[in-house]
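Heads up, the thing below is written out as structure tokens.
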Amino acid sequence: MNAITETPRKRIVIVGGGLAGLSAAEALADAYPDQFQIRILEAKQTVGGRAGSFTDPATGESIDYCQHVAMGCCANLISLLDRRGLGGQLHRYRELLFLHPDHPPSRFAPSRWLPAPFHLVGALASLRFLTLRQRRQIHRAMLKLFRTSNESLVGQTAHQWLQSAGQESATIREFWDVILVSALGENPRVVSMAVARKVFVDGFAGSVGASDVLVPRQPLADLFGRELRQAIESMGVSVATQTAVKQLRSDPKVAIQTQHGEVIPADHVVVAVPWHATKGLLSPELVPDAPAFAAIPSSPISGLHLWFDRQFTDQQHAVMVGTISQWMFRQPWEKESDQDQSCYYQIVISASQQARQMKKTELVQSVVAEICHAFPAARNAKLLRSRIVTDPLSVFSVRPEVEALRPAAQTQLPWLHLAGDWIETGWPATMEGAVLSGRMAASSVLNREGLATIKCEDGLPRGRIARHLIR
């Protein structure tokens, strides 16, 4: 009797344990559970990448470096969490509260029964800080944007296109900038209008429910660093933390050398690190354009962590207009310690170049003054402590020239694949873009292996939509 020889499983090493790397591993293990030997190598102590947390020394609780939110249009992220049994870990909010220092609060609640983009008409009318003239400008620009192709926007900045679409400076400042700065993490004067269209057409206005805000019910260190990691490990994926990769080799065989001197053989390598971390890891011999995209400019995001002696609002979050503060979030999960009576709030400032130029005490005082103006009950609250966390490399700057540099997941080398929110996904630097990039890298591996590739949600509008508006 002849012995049956089992075909050895192909070895896939994923460099980087952020959302892109986790997504690539999950996609491969889910599609072909017995086909591959998958290993994730992460340099940090925990996985999750920039979607991480720190430990508050006063309470021992995990606090997110910066509040991460998703939207109803983030199909790849939502599907990933649903498949791994974590879909219930996101609060879904169907309304937004807009606060302007010179106007009454405005509740932005899109219609649940009108087709897109007409479901936003009533919601836009409720924004009290916009004049009737400004609302009409916004309506006309949105309809024009739905009829505009991405190809015609190549090379244009958002500010250029908005001006050409008849948007006055005040309209751009008080509406378009509010949405785009938060969504793209960069000043609309420099961002690509093609990516801005992606945010508006597929995200904000694309379909009923697309603009819903999804907020994690627990710290990111728990959701991604622990629960998602455990779920992926249960699929047979090996995850090694505190294992930085020093070098990629391909002569004579593909291998990864770690900082500890370990040499790990591989059939495929997925490099799933931030764009700036590719420097020194990807040489021009491996990827000719590596020096170019390693030098992609970045944009900072700052999180102001504030602990008051009492709760001053029931509102879980609010969009702040015309202020240094851009978003306010109240801690969305239960306290771990009953003895701590403080109430935690976070203020998020995207594209925070100007805020970073302020002294820390000045910035905190200015933000607290804005909070007290927006929430009168805060005037009776005492600020117990504060902390400012700024990541200067938080997101890549989605400029028109950067769009031209973003590489595909598949490289010229049959064994090398790229992932990360910075590759050519069409999305800005978001959790959705990171998860999508991981699935694109997984499909690149499968394509090289001659296997059926996996489905990637393209972010196109789902649900009821007036489709005749889109070319």
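Ligands are numbered from 1 in the order shown, residues from 1 within each chain, and chains are lettered A, B, ... in the order they appear in the structure tokens.
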| message | Among region 241-403 of chain A, which residues does DSSP mark as strand (DSSP E) when it is run on the backbone? Keep the chain and numbering as in the structure and answer as a VMD selection string. | response | chain A and resid 245 to 249 255 to 258 263 to 265 268 to 271 298 to 308 317 to 320 327 to 330 343 to 350 383 to 396
| Exercise: Arg128 (chain A) partners within 7 Å, only C-alpha atoms, chain neighbours under 6 positions left out, as number ranges by chain | A: 103-104, 106
Grab the residues selected above and save them as a PDB file, in the first residue's frame with N, CA and C atoms.
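Below is the file that was written, selection.pdb:
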```pdb
ATOM      1  N   HIS A 103     -24.597  79.504  17.782  1.00  0.00           N
ATOM      2  CA  HIS A 103     -25.927  79.061  17.355  1.00  0.00           C
ATOM      3  C   HIS A 103     -26.430  77.957  18.282  1.00  0.00           C
ATOM      4  N   PRO A 104     -27.754  77.742  18.323  1.00  0.00           N
ATOM      5  CA  PRO A 104     -28.300  76.653  19.138  1.00  0.00           C
ATOM      6  C   PRO A 104     -27.822  75.297  18.610  1.00  0.00           C
ATOM      7  N   SER A 106     -27.704  71.663  16.932  1.00  0.00           N
ATOM      8  CA  SER A 106     -28.391  71.142  15.749  1.00  0.00           C
ATOM      9  C   SER A 106     -28.297  69.624  15.742  1.00  0.00           C
TER      10      SER A 106
END
```
Sorted by chain and rising residue number, list the residues of region 359-404 of chain A at most 10 Å from region 157-161 of chain A (counting only C-alpha atoms), each with its closest atom pair and distance in Å to one decimal, as CSV.
```
residue,atom,partner,partner_atom,distance
A:Val398,CA,A:Thr157,CA,9.7
A:Arg399,CA,A:Thr157,CA,7.2
A:Pro400,CA,A:Thr157,CA,6.6
A:Glu401,CA,A:Thr157,CA,9.9
```
| Long-range neighbours of Ile78 (chain A) as a VMD selection string, 10 Å cut-off, only C-alpha atoms, 6 positions minimum in chain | chain A and resid 70 to 72 86 to 88 90 214 432 435
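Neighbouring residues of region 32-49 of chain A at 6 Å or closer, counting only C-alpha atoms and skipping chain neighbours under 5 positions away, are Arg9, Lys10, Arg11, Ile12, Val13, Ile14, Val15, Gly16, Gly17, Gly18, Leu19, Phe224, Gly225, Val237, Ser238, Val239, Ala240, Thr241, Gln242, Thr243 and Ala244 of chain A.
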Suppose we keep N, CA and C atoms; can you now write the selection as a PDB file, in the first residue's frame?
```pdb
ATOM      1  N   ARG A   9       1.757  22.751   3.668  1.00  0.00           N
ATOM      2  CA  ARG A   9       1.043  24.023   3.583  1.00  0.00           C
ATOM      3  C   ARG A   9       2.017  25.147   3.255  1.00  0.00           C
ATOM      4  N   LYS A  10       1.568  26.075   2.406  1.00  0.00           N
ATOM      5  CA  LYS A  10       2.384  27.229   2.062  1.00  0.00           C
ATOM      6  C   LYS A  10       2.531  28.134   3.297  1.00  0.00           C
ATOM      7  N   ARG A  11       3.750  28.652   3.478  1.00  0.00           N
ATOM      8  CA  ARG A  11       4.058  29.486   4.648  1.00  0.00           C
ATOM      9  C   ARG A  11       3.888  30.960   4.295  1.00  0.00           C
ATOM     10  N   ILE A  12       2.996  31.612   5.011  1.00  0.00           N
ATOM     11  CA  ILE A  12       2.734  33.038   4.794  1.00  0.00           C
ATOM     12  C   ILE A  12       3.122  33.789   6.056  1.00  0.00           C
ATOM     13  N   VAL A  13       4.026  34.739   5.904  1.00  0.00           N
ATOM     14  CA  VAL A  13       4.445  35.571   7.030  1.00  0.00           C
ATOM     15  C   VAL A  13       3.924  36.980   6.793  1.00  0.00           C
ATOM     16  N   ILE A  14       3.220  37.499   7.777  1.00  0.00           N
ATOM     17  CA  ILE A  14       2.664  38.847   7.701  1.00  0.00           C
ATOM     18  C   ILE A  14       3.448  39.738   8.651  1.00  0.00           C
ATOM     19  N   VAL A  15       4.089  40.744   8.103  1.00  0.00           N
ATOM     20  CA  VAL A  15       4.901  41.665   8.901  1.00  0.00           C
ATOM     21  C   VAL A  15       4.025  42.840   9.308  1.00  0.00           C
ATOM     22  N   GLY A  16       3.653  42.887  10.570  1.00  0.00           N
ATOM     23  CA  GLY A  16       2.801  43.960  11.064  1.00  0.00           C
ATOM     24  C   GLY A  16       1.467  43.428  11.543  1.00  0.00           C
ATOM     25  N   GLY A  17       1.139  43.714  12.795  1.00  0.00           N
ATOM     26  CA  GLY A  17      -0.093  43.217  13.389  1.00  0.00           C
ATOM     27  C   GLY A  17      -1.141  44.285  13.604  1.00  0.00           C
ATOM     28  N   GLY A  18      -1.151  45.315  12.753  1.00  0.00           N
ATOM     29  CA  GLY A  18      -2.234  46.295  12.806  1.00  0.00           C
ATOM     30  C   GLY A  18      -3.482  45.714  12.158  1.00  0.00           C
ATOM     31  N   LEU A  19      -4.477  46.554  11.933  1.00  0.00           N
ATOM     32  CA  LEU A  19      -5.715  46.066  11.340  1.00  0.00           C
ATOM     33  C   LEU A  19      -5.489  45.477   9.951  1.00  0.00           C
ATOM     34  N   PHE A 224      -9.446  45.044  19.601  1.00  0.00           N
ATOM     35  CA  PHE A 224      -8.535  44.553  18.570  1.00  0.00           C
ATOM     36  C   PHE A 224      -7.329  43.822  19.158  1.00  0.00           C
ATOM     37  N   GLY A 225      -6.746  44.404  20.218  1.00  0.00           N
ATOM     38  CA  GLY A 225      -5.528  43.818  20.779  1.00  0.00           C
ATOM     39  C   GLY A 225      -5.738  42.495  21.476  1.00  0.00           C
ATOM     40  N   VAL A 237      -3.998  30.839  13.208  1.00  0.00           N
ATOM     41  CA  VAL A 237      -2.970  31.824  12.882  1.00  0.00           C
ATOM     42  C   VAL A 237      -2.062  32.018  14.089  1.00  0.00           C
ATOM     43  N   SER A 238      -0.751  32.037  13.855  1.00  0.00           N
ATOM     44  CA  SER A 238       0.222  32.281  14.920  1.00  0.00           C
ATOM     45  C   SER A 238       0.541  33.768  14.980  1.00  0.00           C
ATOM     46  N   VAL A 239       0.491  34.344  16.192  1.00  0.00           N
ATOM     47  CA  VAL A 239       0.768  35.772  16.372  1.00  0.00           C
ATOM     48  C   VAL A 239       1.930  35.927  17.346  1.00  0.00           C
ATOM     49  N   ALA A 240       2.994  36.551  16.895  1.00  0.00           N
ATOM     50  CA  ALA A 240       4.165  36.794  17.742  1.00  0.00           C
ATOM     51  C   ALA A 240       4.355  38.296  17.902  1.00  0.00           C
ATOM     52  N   THR A 241       4.277  38.788  19.135  1.00  0.00           N
ATOM     53  CA  THR A 241       4.513  40.206  19.405  1.00  0.00           C
ATOM     54  C   THR A 241       5.952  40.412  19.864  1.00  0.00           C
ATOM     55  N   GLN A 242       6.351  41.689  19.937  1.00  0.00           N
ATOM     56  CA  GLN A 242       7.724  42.057  20.289  1.00  0.00           C
ATOM     57  C   GLN A 242       8.735  41.337  19.389  1.00  0.00           C
ATOM     58  N   THR A 243       8.351  41.217  18.132  1.00  0.00           N
ATOM     59  CA  THR A 243       9.193  40.535  17.143  1.00  0.00           C
ATOM     60  C   THR A 243       9.336  41.445  15.927  1.00  0.00           C
ATOM     61  N   ALA A 244      10.273  42.351  16.004  1.00  0.00           N
ATOM     62  CA  ALA A 244      10.506  43.275  14.896  1.00  0.00           C
ATOM     63  C   ALA A 244      11.269  42.586  13.776  1.00  0.00           C
TER      64      ALA A 244
END
```
I'd like the contact shell of Ala378 (chain A) - 9 Å cut-off, only C-alpha atoms, skipping same-chain residues fewer than 6 positions apart - returned as a PDB file with C-alpha atoms, in the first residue's frame.
```
ATOM      1  CA  PHE A 308     -13.736  65.977  35.357  1.00  0.00           C
ATOM      2  CA  ARG A 310     -18.641  64.881  37.459  1.00  0.00           C
ATOM      3  CA  GLN A 311     -20.635  64.152  34.338  1.00  0.00           C
ATOM      4  CA  PHE A 312     -21.932  67.295  32.670  1.00  0.00           C
ATOM      5  CA  THR A 313     -23.806  65.861  29.661  1.00  0.00           C
ATOM      6  CA  VAL A 368     -12.127  73.517  28.421  1.00  0.00           C
ATOM      7  CA  ILE A 371     -16.610  72.774  26.453  1.00  0.00           C
ATOM      8  CA  CYS A 372     -18.035  75.077  29.116  1.00  0.00           C
TER       9      CYS A 372
END
```
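Distances to Gly185 (chain A) were evaluated for A:Ile296, A:Ser366, A:Ser394, A:Arg173 using only C-alpha atoms, and the minimum falls at A:Ser394.
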| message | Report as a PyMOL selection string all protein, DNA and RNA residues lying within 10 Å of Leu130 (chain A), evaluated on only C-alpha atoms, omitting residues in the same chain fewer than 5 positions from it. | response | chain A and resi 103+124-125+135-136+138+170-171+174-175
| message | Need the shell around region 273-286 of chain A: protein/DNA/RNA residues with any atom at most 8 Å away, counting only C-alpha atoms. Skip same-chain ones fewer than 6 positions apart. Format as an NGL selection string? | response | :A and (15-18 or 21 or 245-248 or 293-296 or 396 or 413 or 419-422)
Could you save those same residues with C-alpha atoms as an mmCIF file, in the first residue's frame?
```
data_model
loop_
_atom_site.group_PDB
_atom_site.id
_atom_site.type_symbol
_atom_site.label_atom_id
_atom_site.label_comp_id
_atom_site.auth_asym_id
_atom_site.auth_seq_id
_atom_site.Cartn_x
_atom_site.Cartn_y
_atom_site.Cartn_z
ATOM 1 C CA VAL A 15 4.901 41.665 8.901
ATOM 2 C CA GLY A 16 2.801 43.960 11.064
ATOM 3 C CA GLY A 17 -0.093 43.217 13.389
ATOM 4 C CA GLY A 18 -2.234 46.295 12.806
ATOM 5 C CA GLY A 21 -2.161 42.537 8.973
ATOM 6 C CA VAL A 245 11.576 42.359 11.395
ATOM 7 C CA LYS A 246 15.044 43.546 10.428
ATOM 8 C CA GLN A 247 15.342 42.382 6.833
ATOM 9 C CA LEU A 248 13.594 40.574 3.996
ATOM 10 C CA PHE A 293 6.026 55.990 -0.775
ATOM 11 C CA ALA A 294 8.180 55.732 2.341
ATOM 12 C CA ALA A 295 8.469 59.534 2.104
ATOM 13 C CA ILE A 296 4.716 60.194 1.841
ATOM 14 C CA PHE A 396 -0.836 59.867 5.652
ATOM 15 C CA LEU A 413 7.703 39.964 -6.998
ATOM 16 C CA ALA A 419 -1.112 45.997 2.938
ATOM 17 C CA GLY A 420 -1.896 49.098 4.970
ATOM 18 C CA ASP A 421 -4.402 51.922 4.742
ATOM 19 C CA TRP A 422 -1.862 53.821 2.616
#
```
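Put simply, CA of Met431 (chain A) is 10.9 Å away from CA of Val395 (chain A).
Considering the residues A:Ala221, A:Met328, A:Ala196, A:Val270 and counting only C-alpha atoms, Ile256 (chain A) has its shortest atom-to-atom contact with A:Val270.
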| Could you pull out the alpha helix (DSSP H) residues of region 119-300 of chain A from DSSP and send them as an MDAnalysis selection string? | chainID A and resid 121:125 132:146 158:164 169:171 177:184 193:197 220:222 229:233 290:294
